[in-house]
file work.txt (compact mmCIF, C-alpha atoms and all ligand atoms)
# COMPACT_ATOMS: atom_id res chain seq x y z
CA MET J 1 78.18 173.11 -31.88
CA ASP J 2 74.71 171.62 -31.35
CA ARG J 3 74.20 173.63 -28.15
CA ARG J 4 72.34 176.90 -28.25
CA ASP J 5 74.63 178.69 -25.79
CA ALA J 6 77.65 177.95 -28.03
CA TRP J 7 75.88 179.56 -31.01
CA ASP J 8 74.77 182.52 -28.88
CA ARG J 9 78.41 183.14 -27.95
CA PHE J 10 79.49 182.70 -31.58
CA TYR J 11 77.01 185.29 -32.97
CA THR J 12 77.55 187.70 -30.07
CA ALA J 13 81.31 187.61 -30.69
CA LYS J 14 80.77 188.25 -34.41
CA GLU J 15 78.84 191.44 -33.65
CA LYS J 16 81.18 192.68 -30.90
CA GLY J 17 82.79 195.96 -31.89
CA ALA J 18 80.82 196.23 -35.15
CA SER J 19 78.81 199.43 -35.62
CA CYS J 20 76.00 197.52 -37.34
CA PRO J 21 75.19 193.83 -37.92
CA GLY J 22 76.73 192.04 -40.89
CA HIS J 23 76.14 188.66 -42.50
CA PHE J 24 78.15 185.62 -41.55
CA ASP J 25 77.98 182.70 -43.96
CA TRP J 26 78.95 179.12 -43.22
CA PHE J 27 80.74 177.16 -46.02
CA PHE J 28 80.29 179.74 -48.80
CA SER J 29 78.52 182.95 -49.74
CA TYR J 30 75.12 183.51 -51.34
CA GLU J 31 76.89 184.59 -54.54
CA ASP J 32 78.56 181.18 -54.82
CA VAL J 33 75.17 179.46 -55.22
CA SER J 34 72.79 182.24 -56.32
CA GLY J 35 72.73 181.09 -59.98
CA PHE J 36 71.90 177.51 -58.96
CA LEU J 37 69.25 178.59 -56.44
CA LEU J 38 67.52 181.11 -58.67
CA SER J 39 67.30 178.66 -61.58
CA PHE J 40 66.10 175.93 -59.17
CA LEU J 41 63.28 178.26 -58.09
CA GLN J 42 62.47 179.19 -61.69
CA SER J 43 62.42 175.62 -62.97
CA SER J 44 60.70 173.70 -60.22
CA LEU J 45 58.26 175.95 -58.45
CA ALA J 46 55.25 177.99 -59.50
CA GLY J 47 53.13 180.76 -58.01
CA ARG J 48 53.74 182.15 -54.50
CA THR J 49 56.56 180.02 -53.18
CA GLN J 50 56.89 179.24 -49.47
CA ILE J 51 60.50 178.72 -48.37
CA LEU J 52 61.90 177.81 -44.95
CA ASP J 53 65.59 178.40 -44.10
CA VAL J 54 66.35 176.17 -41.08
CA GLY J 55 69.25 177.32 -38.92
CA CYS J 56 69.55 180.50 -40.96
CA GLY J 57 71.99 182.23 -38.59
CA THR J 58 72.87 185.59 -40.13
CA SER J 59 73.46 184.08 -43.58
CA ALA J 60 72.85 186.21 -46.67
CA LEU J 61 71.23 183.24 -48.46
CA SER J 62 67.56 184.00 -47.84
CA LEU J 63 67.95 187.78 -48.01
CA GLY J 64 69.74 187.33 -51.35
CA LEU J 65 66.89 185.24 -52.75
CA PHE J 66 64.37 187.73 -51.39
CA ARG J 67 66.19 190.56 -53.18
CA ASP J 68 66.95 188.77 -56.46
CA SER J 69 64.06 186.41 -57.17
CA PRO J 70 61.46 187.74 -59.60
CA ARG J 71 59.05 185.13 -58.17
CA GLN J 72 56.73 185.96 -55.31
CA LEU J 73 58.34 184.35 -52.25
CA ARG J 74 57.34 184.01 -48.63
CA ILE J 75 60.56 183.17 -46.81
CA SER J 76 60.67 182.03 -43.18
CA CYS J 77 64.11 182.25 -41.58
CA LEU J 78 64.41 180.20 -38.40
CA ASP J 79 67.17 179.86 -35.83
CA PHE J 80 67.26 179.06 -32.11
CA SER J 81 69.95 181.65 -31.32
CA PRO J 82 68.51 185.03 -30.16
CA PRO J 83 71.61 187.09 -31.15
CA ALA J 84 71.50 185.60 -34.66
CA ILE J 85 67.79 186.34 -35.09
CA ASP J 86 68.16 189.87 -33.64
CA SER J 87 70.97 190.64 -36.12
CA LEU J 88 69.08 189.11 -39.04
CA ARG J 89 65.97 191.15 -38.21
CA GLN J 90 68.08 194.31 -38.37
CA LEU J 91 69.63 193.20 -41.68
CA VAL J 92 66.12 192.58 -43.06
CA ARG J 93 65.02 196.09 -42.02
CA GLU J 94 68.01 197.56 -43.89
CA SER J 95 67.74 195.35 -46.97
CA PRO J 96 66.80 196.66 -50.43
CA PRO J 97 63.27 195.99 -51.71
CA PRO J 98 62.38 192.45 -52.80
CA GLY J 99 62.66 191.25 -56.41
CA HIS J 100 58.88 190.74 -56.43
CA PRO J 101 56.81 193.52 -54.82
CA LEU J 102 54.66 191.06 -52.85
CA SER J 103 57.51 188.91 -51.49
CA GLU J 104 57.84 188.67 -47.71
CA LEU J 105 60.60 187.57 -45.32
CA HIS J 106 59.94 186.73 -41.67
CA CYS J 107 62.32 185.68 -38.88
CA TYR J 108 61.48 183.04 -36.26
CA LEU J 109 63.25 182.23 -33.02
CA ALA J 110 62.53 178.51 -32.70
CA ASP J 111 63.99 175.01 -32.55
CA ALA J 112 64.48 173.35 -35.93
CA THR J 113 64.05 169.92 -34.33
CA ALA J 114 60.48 170.83 -33.31
CA LEU J 115 59.25 172.69 -36.40
CA THR J 116 55.65 171.59 -36.14
CA SER J 117 55.24 173.65 -32.98
CA THR J 118 55.84 176.75 -35.17
CA PHE J 119 54.55 175.74 -38.65
CA GLU J 120 51.70 173.61 -39.90
CA GLU J 121 52.49 170.34 -41.64
CA GLY J 122 52.75 170.63 -45.41
CA SER J 123 53.40 174.40 -45.43
CA PHE J 124 56.54 174.76 -47.57
CA HIS J 125 57.55 174.17 -51.17
CA LEU J 126 61.23 174.28 -50.28
CA VAL J 127 63.22 173.86 -47.06
CA LEU J 128 66.80 175.15 -47.21
CA ASP J 129 69.47 173.87 -44.83
CA LYS J 130 72.99 175.28 -45.16
CA GLY J 131 75.19 173.68 -42.54
CA THR J 132 72.54 173.01 -39.89
CA CYS J 133 72.18 169.27 -40.42
CA ASP J 134 76.00 169.10 -40.51
CA THR J 135 76.11 170.72 -37.09
CA LEU J 136 73.69 168.21 -35.62
CA LEU J 137 75.42 165.26 -37.32
CA ARG J 138 78.69 166.24 -35.67
CA CYS J 139 77.25 166.47 -32.16
CA PRO J 140 78.63 163.97 -29.63
CA GLN J 141 75.28 162.24 -29.08
CA GLY J 142 75.33 160.83 -32.64
CA PRO J 143 72.96 161.33 -35.56
CA GLY J 144 69.67 161.18 -33.62
CA ARG J 145 69.01 164.95 -33.57
CA ALA J 146 70.02 165.29 -37.23
CA LYS J 147 67.46 162.58 -38.10
CA THR J 148 64.84 164.47 -36.09
CA LEU J 149 65.74 167.64 -38.00
CA VAL J 150 65.26 165.89 -41.36
CA SER J 151 61.95 164.34 -40.34
CA GLU J 152 60.68 167.70 -39.05
CA CYS J 153 61.72 169.38 -42.33
CA LEU J 154 59.78 166.70 -44.23
CA ARG J 155 56.72 167.16 -42.03
CA VAL J 156 56.49 170.86 -42.87
CA LEU J 157 57.14 170.25 -46.60
CA ARG J 158 54.31 169.96 -49.10
CA PRO J 159 54.00 166.47 -50.65
CA THR J 160 55.69 167.74 -53.82
CA GLY J 161 58.23 169.92 -51.98
CA ASN J 162 62.00 169.53 -51.69
CA LEU J 163 64.50 169.62 -48.87
CA LEU J 164 67.71 171.19 -50.16
CA GLN J 165 70.79 170.76 -47.98
CA PHE J 166 74.16 172.38 -48.67
CA SER J 167 77.05 170.46 -47.15
CA ASP J 168 80.71 169.55 -47.44
CA GLU J 169 79.94 165.97 -46.42
CA ASP J 170 80.78 163.31 -49.00
CA PRO J 171 77.82 161.74 -50.84
CA ASP J 172 78.94 158.28 -49.67
CA ALA J 173 77.96 159.35 -46.15
CA ARG J 174 75.17 161.89 -46.69
CA VAL J 175 73.06 160.01 -49.24
CA PRO J 176 72.55 156.86 -47.09
CA PHE J 177 71.85 159.10 -44.09
CA LEU J 178 69.17 161.03 -46.00
CA GLU J 179 67.68 157.89 -47.51
CA GLN J 180 67.38 156.40 -44.03
CA ALA J 181 66.22 159.58 -42.29
CA GLY J 182 63.81 160.75 -44.96
CA GLY J 183 63.17 158.15 -47.67
CA GLY J 184 62.35 159.45 -51.13
CA LYS J 185 64.77 160.27 -53.91
CA VAL J 186 68.10 161.97 -53.15
CA THR J 187 69.77 163.93 -55.95
CA VAL J 188 73.33 165.18 -55.50
CA LYS J 189 75.04 168.04 -57.28
CA GLU J 190 78.55 169.40 -56.83
CA ILE J 191 77.82 173.03 -56.17
CA ALA J 192 81.16 174.76 -55.52
CA HIS J 193 84.87 174.12 -55.10
CA ILE J 194 86.38 176.60 -52.67
CA SER J 195 89.92 176.42 -51.25
CA GLY J 196 90.18 172.76 -52.27
CA ILE J 197 86.89 171.76 -50.61
CA CYS J 198 83.98 170.39 -52.63
CA TYR J 199 80.51 171.47 -51.54
CA TYR J 200 77.34 169.60 -52.49
CA ALA J 201 73.65 170.30 -52.88
CA TYR J 202 71.55 167.36 -51.65
CA ILE J 203 67.96 167.49 -52.85
CA LEU J 204 65.56 165.18 -51.06
CA SER J 205 62.22 164.79 -52.80
CA PRO J 206 60.02 162.84 -50.39
CA GLY J 207 57.23 162.45 -52.95
CA SER J 208 59.46 160.45 -55.35
CA SER J 209 60.38 156.78 -55.16
CA GLY J 210 63.67 156.00 -53.43
CA THR J 211 66.13 156.01 -56.34
CA ARG J 212 69.51 157.67 -56.01
CA GLY J 213 70.07 160.55 -58.43
CA ALA J 214 73.25 160.97 -60.44
CA VAL J 215 76.19 162.94 -59.15
CA LYS J 216 77.06 165.55 -61.77
C1 LIG J 301 76.62 175.91 -39.31
S1 LIG J 301 75.58 177.22 -38.84
C2 LIG J 301 74.85 177.65 -40.40
C3 LIG J 301 74.20 179.01 -40.37
C4 LIG J 301 73.67 179.48 -41.73
N1 LIG J 301 72.75 178.54 -42.33
C5 LIG J 301 74.81 179.79 -42.68
O1 LIG J 301 74.81 179.26 -43.80
O2 LIG J 301 75.67 180.57 -42.31
C6 LIG J 301 74.27 176.30 -38.05
C7 LIG J 301 73.11 177.17 -37.57
O3 LIG J 301 72.11 176.32 -37.06
C8 LIG J 301 71.58 176.89 -35.89
N2 LIG J 301 71.02 175.77 -35.13
C9 LIG J 301 71.67 174.68 -34.64
N3 LIG J 301 70.81 173.85 -34.03
C10 LIG J 301 69.58 174.43 -34.15
C11 LIG J 301 68.28 174.04 -33.74
N4 LIG J 301 68.04 172.90 -33.05
N5 LIG J 301 67.25 174.87 -34.04
C12 LIG J 301 67.45 176.03 -34.72
N6 LIG J 301 68.66 176.44 -35.14
C13 LIG J 301 69.71 175.65 -34.86
C14 LIG J 301 72.75 177.60 -35.23
O4 LIG J 301 72.33 178.62 -34.35
C15 LIG J 301 73.47 178.14 -36.47
O5 LIG J 301 73.01 179.41 -36.82
call {"tool": "encode", "arguments": {"input": "work.txt", "output": "structure tokens"}}
result
Amino acid sequence: MDRRDAWDRFYTAKEKGASCPGHFDWFFSYEDVSGFLLSFLQSSLAGRTQILDVGCGTSALSLGLFRDSPRQLRISCLDFSPPAIDSLRQLVRESPPPGHPLSELHCYLADATALTSTFEEGSFHLVLDKGTCDTLLRCPQGPGRAKTLVSECLRVLRPTGNLLQFSDEDPDARVPFLEQAGGGKVTVKEIAHISGICYYAYILSPGSSGTRGAVK
């Protein structure tokens, strides 16, 4: 599922027969992680917070944060699939007002492995990745494109920013991958148990020294 045409077919099929676009969420819903995400935003970031959601699809994650966060956010949702971005744009138009009156949410049709052609280096406080790195890691060509994705995410992060990945991959595999692809400190948190599957939040802080954080 690293190919754009496969994702185009996936999102087109999801919308077929529906009278209006709906969200589709990989792994788990916004509600499963909203408490964690909102407190992460409250505790670690200040002022107008710039967030990038790479490979957003039609997930409710960013729209949920936009609606619920009392902080002023500027959220950039990016995906390379036109049907996904078209549906998300419609969902944004129909969404309730943001939790902060000056928050903004914008959608970008672009390649997450070439982010610096869309955004300046050092733009974001937080880059969110829910399932996108997993997709690239599972592609037949090996982990090369996933490594490019991580390094592009780090290039558009501020020096004190964080890359936050949600994944079902075991820490024994994901932590060494992130340490090699990105350097910095990797913190792991078990975020949800759904239908017998454990999901993790991996927080890569490129500005910190490379020490592995505790698994809670
Ligand atoms: C597993 S889905 C996750 C979607 C969404 N984050 C969610 O939680 O439902 C992976 C997403 O990454 C997008 N994607 C894959 N490779 C991409 C790339 N190189 N650039 C931009 N988006 C990409 C796909 O179109 C798809 O929407």
call {"tool": "closest_atom_pairs", "arguments": {"input": "work.txt", "of": "chain J", "to": "ligand LIG 301 (chain J)", "cutoff": "8 Å", "atoms": "only C-alpha atoms and all ligand atoms", "output": "CSV"}}
result
residue,atom,partner,partner_atom,distance
J:Met1,CA,J:LIG301,C9,7.2
J:Asp2,CA,J:LIG301,N3,5.2
J:Arg3,CA,J:LIG301,N3,6.8
J:Arg4,CA,J:LIG301,O4,6.3
J:Trp7,CA,J:LIG301,O4,5.0
J:Asp8,CA,J:LIG301,O4,7.1
J:Phe24,CA,J:LIG301,O2,5.7
J:Asp25,CA,J:LIG301,O2,3.5
J:Trp26,CA,J:LIG301,O2,3.7
J:Phe27,CA,J:LIG301,O1,6.7
J:Phe28,CA,J:LIG301,O1,7.4
J:Ser29,CA,J:LIG301,O1,7.9
J:Asp53,CA,J:LIG301,N1,7.4
J:Val54,CA,J:LIG301,N6,6.4
J:Gly55,CA,J:LIG301,O3,3.6
J:Cys56,CA,J:LIG301,N1,4.0
J:Gly57,CA,J:LIG301,O5,3.5
J:Thr58,CA,J:LIG301,O2,6.1
J:Ser59,CA,J:LIG301,O2,4.3
J:Ala60,CA,J:LIG301,O2,7.7
J:Leu61,CA,J:LIG301,O1,7.1
J:Leu78,CA,J:LIG301,C12,6.3
J:Asp79,CA,J:LIG301,N6,3.8
J:Phe80,CA,J:LIG301,C12,4.0
J:Ser81,CA,J:LIG301,O4,4.9
J:Ala84,CA,J:LIG301,O5,6.7
J:Leu109,CA,J:LIG301,C12,7.7
J:Ala110,CA,J:LIG301,C12,5.9
J:Asp111,CA,J:LIG301,N5,3.6
J:Ala112,CA,J:LIG301,N5,3.7
J:Thr113,CA,J:LIG301,N4,5.1
J:Ala114,CA,J:LIG301,N4,7.8
J:Asp129,CA,J:LIG301,N1,6.2
J:Lys130,CA,J:LIG301,N1,4.3
J:Gly131,CA,J:LIG301,C1,4.2
J:Thr132,CA,J:LIG301,C6,4.1
J:Cys133,CA,J:LIG301,C6,7.7
J:Asp134,CA,J:LIG301,C1,6.9
J:Thr135,CA,J:LIG301,C1,5.7
J:Leu136,CA,J:LIG301,N3,6.5
J:Leu149,CA,J:LIG301,N4,7.6
call {"tool": "write_last_selection", "arguments": {"input": "work.txt", "atoms": "C-alpha atoms", "output": "short mmCIF file (atom, residue, chain, number, x, y, z; two decimals), in the frame of the given file"}}
result
data_model
loop_
_atom_site.label_atom_id
_atom_site.label_comp_id
_atom_site.auth_asym_id
_atom_site.auth_seq_id
_atom_site.Cartn_x
_atom_site.Cartn_y
_atom_site.Cartn_z
CA MET J 1 78.18 173.11 -31.88
CA ASP J 2 74.71 171.62 -31.35
CA ARG J 3 74.20 173.63 -28.15
CA ARG J 4 72.34 176.90 -28.25
CA TRP J 7 75.88 179.56 -31.01
CA ASP J 8 74.77 182.52 -28.88
CA PHE J 24 78.15 185.62 -41.55
CA ASP J 25 77.98 182.70 -43.96
CA TRP J 26 78.95 179.12 -43.22
CA PHE J 27 80.74 177.16 -46.02
CA PHE J 28 80.29 179.74 -48.80
CA SER J 29 78.52 182.95 -49.74
CA ASP J 53 65.59 178.40 -44.10
CA VAL J 54 66.35 176.17 -41.08
CA GLY J 55 69.25 177.32 -38.92
CA CYS J 56 69.55 180.50 -40.96
CA GLY J 57 71.99 182.23 -38.59
CA THR J 58 72.87 185.59 -40.13
CA SER J 59 73.46 184.08 -43.58
CA ALA J 60 72.85 186.21 -46.67
CA LEU J 61 71.23 183.24 -48.46
CA LEU J 78 64.41 180.20 -38.40
CA ASP J 79 67.17 179.86 -35.83
CA PHE J 80 67.26 179.06 -32.11
CA SER J 81 69.95 181.65 -31.32
CA ALA J 84 71.50 185.60 -34.66
CA LEU J 109 63.25 182.23 -33.02
CA ALA J 110 62.53 178.51 -32.70
CA ASP J 111 63.99 175.01 -32.55
CA ALA J 112 64.48 173.35 -35.93
CA THR J 113 64.05 169.92 -34.33
CA ALA J 114 60.48 170.83 -33.31
CA ASP J 129 69.47 173.87 -44.83
CA LYS J 130 72.99 175.28 -45.16
CA GLY J 131 75.19 173.68 -42.54
CA THR J 132 72.54 173.01 -39.89
CA CYS J 133 72.18 169.27 -40.42
CA ASP J 134 76.00 169.10 -40.51
CA THR J 135 76.11 170.72 -37.09
CA LEU J 136 73.69 168.21 -35.62
CA LEU J 149 65.74 167.64 -38.00
#
call {"tool": "residues_around", "arguments": {"input": "work.txt", "residues": "Gln180 in chain J", "least_positions_apart": "6", "cutoff": "12 Å", "atoms": "only C-alpha atoms", "output": "ChimeraX atom specification"}}
result
/J:143-144,146-148,150-151,173-174,186,204,206,210
call {"tool": "atom_distance", "arguments": {"input": "work.txt", "atom1": "CA of Leu164 in chain J", "atom2": "CA of Gln50 in chain J"}}
result
13.5 Å
call {"tool": "atom_distance", "arguments": {"input": "work.txt", "atom1": "CA of Gly207 in chain J", "atom2": "CA of Lys185 in chain J"}}
result
7.9 Å
call {"tool": "residues_around", "arguments": {"input": "work.txt", "residues": "Pro70 in chain J", "least_positions_apart": "4", "cutoff": "9 Å", "atoms": "all atoms listed in the file", "output": "short mmCIF file (atom, residue, chain, number, x, y, z; two decimals) with C-alpha atoms, in the coordinates of the input"}}
result
data_model
loop_
_atom_site.label_atom_id
_atom_site.label_comp_id
_atom_site.auth_asym_id
_atom_site.auth_seq_id
_atom_site.Cartn_x
_atom_site.Cartn_y
_atom_site.Cartn_z
CA GLN J 42 62.47 179.19 -61.69
CA PHE J 66 64.37 187.73 -51.39
CA PRO J 98 62.38 192.45 -52.80
CA GLY J 99 62.66 191.25 -56.41
CA HIS J 100 58.88 190.74 -56.43
CA PRO J 101 56.81 193.52 -54.82
#
call {"tool": "axis_aligned_box", "arguments": {"input": "work.txt", "around": "range 191-205 of chain J", "padding_each_side": "3 Å", "output": "JSON"}}
result
{"center_x": 76.2, "center_y": 170.7, "center_z": -53.4, "size_x": 34.0, "size_y": 17.8, "size_z": 11.6}
call {"tool": "atom_distance", "arguments": {"input": "work.txt", "atom1": "CA of Thr118 in chain J", "atom2": "CA of Ala181 in chain J"}}
result
21.3 Å
call {"tool": "residues_around", "arguments": {"input": "work.txt", "residues": "Leu65 in chain J", "least_positions_apart": "6", "cutoff": "8 Å", "atoms": "only C-alpha atoms", "output": "NGL selection string"}}
result
:J and (34 or 37-38)
call {"tool": "closest_residue", "arguments": {"input": "work.txt", "among": "J:Ser123, J:Leu41, J:Arg145, J:Leu102", "to": "Ser76 in chain J", "atoms": "only C-alpha atoms"}}
result
J:Ser123
call {"tool": "residues_around", "arguments": {"input": "work.txt", "residues": "Gly161 in chain J", "least_positions_apart": "6", "cutoff": "7 Å", "atoms": "all atoms listed in the file", "output": "list of chain:residue names"}}
result
J:Phe124, J:His125, J:Leu126, J:Ser205
call {"tool": "residues_around", "arguments": {"input": "work.txt", "residues": "Ser103 in chain J", "least_positions_apart": "6", "cutoff": "10 Å", "atoms": "only C-alpha atoms", "output": "PDB file with C-alpha atoms, in the frame of the given file"}}
result
ATOM      1  CA  ARG J  48      53.740 182.150 -54.500  1.00  0.00           C
ATOM      2  CA  THR J  49      56.560 180.020 -53.180  1.00  0.00           C
ATOM      3  CA  GLN J  50      56.890 179.240 -49.470  1.00  0.00           C
ATOM      4  CA  PHE J  66      64.370 187.730 -51.390  1.00  0.00           C
ATOM      5  CA  ARG J  67      66.190 190.560 -53.180  1.00  0.00           C
ATOM      6  CA  SER J  69      64.060 186.410 -57.170  1.00  0.00           C
ATOM      7  CA  PRO J  70      61.460 187.740 -59.600  1.00  0.00           C
ATOM      8  CA  ARG J  71      59.050 185.130 -58.170  1.00  0.00           C
ATOM      9  CA  GLN J  72      56.730 185.960 -55.310  1.00  0.00           C
ATOM     10  CA  LEU J  73      58.340 184.350 -52.250  1.00  0.00           C
ATOM     11  CA  ARG J  74      57.340 184.010 -48.630  1.00  0.00           C
ATOM     12  CA  ILE J  75      60.560 183.170 -46.810  1.00  0.00           C
ATOM     13  CA  PRO J  97      63.270 195.990 -51.710  1.00  0.00           C
TER      14      PRO J  97
END
call {"tool": "build_atoms", "arguments": {"input": "work.txt", "residues": "range 12-33 of chain J", "atoms": "N, CA, C and O atoms", "output": "PDB file, in the coordinates of the input"}}
result
ATOM      1  N   THR J  12      77.275 186.496 -30.860  1.00  0.00           N
ATOM      2  CA  THR J  12      77.550 187.700 -30.070  1.00  0.00           C
ATOM      3  C   THR J  12      78.970 188.186 -30.349  1.00  0.00           C
ATOM      4  O   THR J  12      79.209 189.389 -30.536  1.00  0.00           O
ATOM      5  N   ALA J  13      79.916 187.232 -30.416  1.00  0.00           N
ATOM      6  CA  ALA J  13      81.310 187.610 -30.690  1.00  0.00           C
ATOM      7  C   ALA J  13      81.453 188.222 -32.079  1.00  0.00           C
ATOM      8  O   ALA J  13      82.238 189.158 -32.278  1.00  0.00           O
ATOM      9  N   LYS J  14      80.688 187.714 -33.039  1.00  0.00           N
ATOM     10  CA  LYS J  14      80.770 188.250 -34.410  1.00  0.00           C
ATOM     11  C   LYS J  14      80.356 189.725 -34.460  1.00  0.00           C
ATOM     12  O   LYS J  14      80.862 190.510 -35.253  1.00  0.00           O
ATOM     13  N   GLU J  15      79.367 190.066 -33.619  1.00  0.00           N
ATOM     14  CA  GLU J  15      78.840 191.440 -33.650  1.00  0.00           C
ATOM     15  C   GLU J  15      79.631 192.407 -32.780  1.00  0.00           C
ATOM     16  O   GLU J  15      79.491 193.620 -32.920  1.00  0.00           O
ATOM     17  N   LYS J  16      80.465 191.842 -31.877  1.00  0.00           N
ATOM     18  CA  LYS J  16      81.180 192.680 -30.900  1.00  0.00           C
ATOM     19  C   LYS J  16      82.071 193.688 -31.644  1.00  0.00           C
ATOM     20  O   LYS J  16      82.835 193.300 -32.536  1.00  0.00           O
ATOM     21  N   GLY J  17      81.930 194.931 -31.309  1.00  0.00           N
ATOM     22  CA  GLY J  17      82.790 195.960 -31.890  1.00  0.00           C
ATOM     23  C   GLY J  17      82.313 196.460 -33.245  1.00  0.00           C
ATOM     24  O   GLY J  17      82.828 197.448 -33.758  1.00  0.00           O
ATOM     25  N   ALA J  18      81.323 195.767 -33.839  1.00  0.00           N
ATOM     26  CA  ALA J  18      80.820 196.230 -35.150  1.00  0.00           C
ATOM     27  C   ALA J  18      79.784 197.313 -34.934  1.00  0.00           C
ATOM     28  O   ALA J  18      78.991 197.249 -33.989  1.00  0.00           O
ATOM     29  N   SER J  19      79.771 198.327 -35.811  1.00  0.00           N
ATOM     30  CA  SER J  19      78.810 199.430 -35.620  1.00  0.00           C
ATOM     31  C   SER J  19      77.403 198.998 -36.054  1.00  0.00           C
ATOM     32  O   SER J  19      76.413 199.538 -35.575  1.00  0.00           O
ATOM     33  N   CYS J  20      77.316 198.030 -36.934  1.00  0.00           N
ATOM     34  CA  CYS J  20      76.000 197.520 -37.340  1.00  0.00           C
ATOM     35  C   CYS J  20      76.163 196.039 -37.699  1.00  0.00           C
ATOM     36  O   CYS J  20      77.271 195.596 -38.023  1.00  0.00           O
ATOM     37  N   PRO J  21      75.074 195.254 -37.642  1.00  0.00           N
ATOM     38  CA  PRO J  21      75.190 193.830 -37.920  1.00  0.00           C
ATOM     39  C   PRO J  21      75.615 193.566 -39.362  1.00  0.00           C
ATOM     40  O   PRO J  21      75.297 194.340 -40.265  1.00  0.00           O
ATOM     41  N   GLY J  22      76.341 192.471 -39.535  1.00  0.00           N
ATOM     42  CA  GLY J  22      76.730 192.040 -40.890  1.00  0.00           C
ATOM     43  C   GLY J  22      76.375 190.573 -41.038  1.00  0.00           C
ATOM     44  O   GLY J  22      76.076 189.896 -40.055  1.00  0.00           O
ATOM     45  N   HIS J  23      76.414 190.082 -42.272  1.00  0.00           N
ATOM     46  CA  HIS J  23      76.140 188.660 -42.500  1.00  0.00           C
ATOM     47  C   HIS J  23      77.369 187.836 -42.133  1.00  0.00           C
ATOM     48  O   HIS J  23      78.502 188.265 -42.321  1.00  0.00           O
ATOM     49  N   PHE J  24      77.101 186.636 -41.631  1.00  0.00           N
ATOM     50  CA  PHE J  24      78.150 185.620 -41.550  1.00  0.00           C
ATOM     51  C   PHE J  24      77.629 184.396 -42.273  1.00  0.00           C
ATOM     52  O   PHE J  24      76.510 183.955 -42.008  1.00  0.00           O
ATOM     53  N   ASP J  25      78.418 183.861 -43.195  1.00  0.00           N
ATOM     54  CA  ASP J  25      77.980 182.700 -43.960  1.00  0.00           C
ATOM     55  C   ASP J  25      78.885 181.496 -43.769  1.00  0.00           C
ATOM     56  O   ASP J  25      80.081 181.586 -43.984  1.00  0.00           O
ATOM     57  N   TRP J  26      78.269 180.388 -43.392  1.00  0.00           N
ATOM     58  CA  TRP J  26      78.950 179.120 -43.220  1.00  0.00           C
ATOM     59  C   TRP J  26      79.252 178.544 -44.603  1.00  0.00           C
ATOM     60  O   TRP J  26      78.450 178.730 -45.526  1.00  0.00           O
ATOM     61  N   PHE J  27      80.338 177.850 -44.775  1.00  0.00           N
ATOM     62  CA  PHE J  27      80.740 177.160 -46.020  1.00  0.00           C
ATOM     63  C   PHE J  27      81.092 178.122 -47.158  1.00  0.00           C
ATOM     64  O   PHE J  27      82.162 178.106 -47.684  1.00  0.00           O
ATOM     65  N   PHE J  28      80.092 178.892 -47.619  1.00  0.00           N
ATOM     66  CA  PHE J  28      80.290 179.740 -48.800  1.00  0.00           C
ATOM     67  C   PHE J  28      79.237 180.840 -48.807  1.00  0.00           C
ATOM     68  O   PHE J  28      78.298 180.812 -48.004  1.00  0.00           O
ATOM     69  N   SER J  29      79.411 181.787 -49.731  1.00  0.00           N
ATOM     70  CA  SER J  29      78.520 182.950 -49.740  1.00  0.00           C
ATOM     71  C   SER J  29      77.274 182.691 -50.602  1.00  0.00           C
ATOM     72  O   SER J  29      77.235 181.734 -51.383  1.00  0.00           O
ATOM     73  N   TYR J  30      76.306 183.561 -50.464  1.00  0.00           N
ATOM     74  CA  TYR J  30      75.120 183.510 -51.340  1.00  0.00           C
ATOM     75  C   TYR J  30      75.535 183.560 -52.809  1.00  0.00           C
ATOM     76  O   TYR J  30      75.005 182.815 -53.635  1.00  0.00           O
ATOM     77  N   GLU J  31      76.483 184.428 -53.134  1.00  0.00           N
ATOM     78  CA  GLU J  31      76.890 184.590 -54.540  1.00  0.00           C
ATOM     79  C   GLU J  31      77.423 183.288 -55.136  1.00  0.00           C
ATOM     80  O   GLU J  31      77.264 183.044 -56.329  1.00  0.00           O
ATOM     81  N   ASP J  32      78.026 182.441 -54.303  1.00  0.00           N
ATOM     82  CA  ASP J  32      78.560 181.180 -54.820  1.00  0.00           C
ATOM     83  C   ASP J  32      77.466 180.243 -55.333  1.00  0.00           C
ATOM     84  O   ASP J  32      77.755 179.345 -56.129  1.00  0.00           O
ATOM     85  N   VAL J  33      76.238 180.394 -54.829  1.00  0.00           N
ATOM     86  CA  VAL J  33      75.170 179.460 -55.220  1.00  0.00           C
ATOM     87  C   VAL J  33      73.929 180.172 -55.755  1.00  0.00           C
ATOM     88  O   VAL J  33      72.906 179.531 -56.012  1.00  0.00           O
TER      89      VAL J  33
END
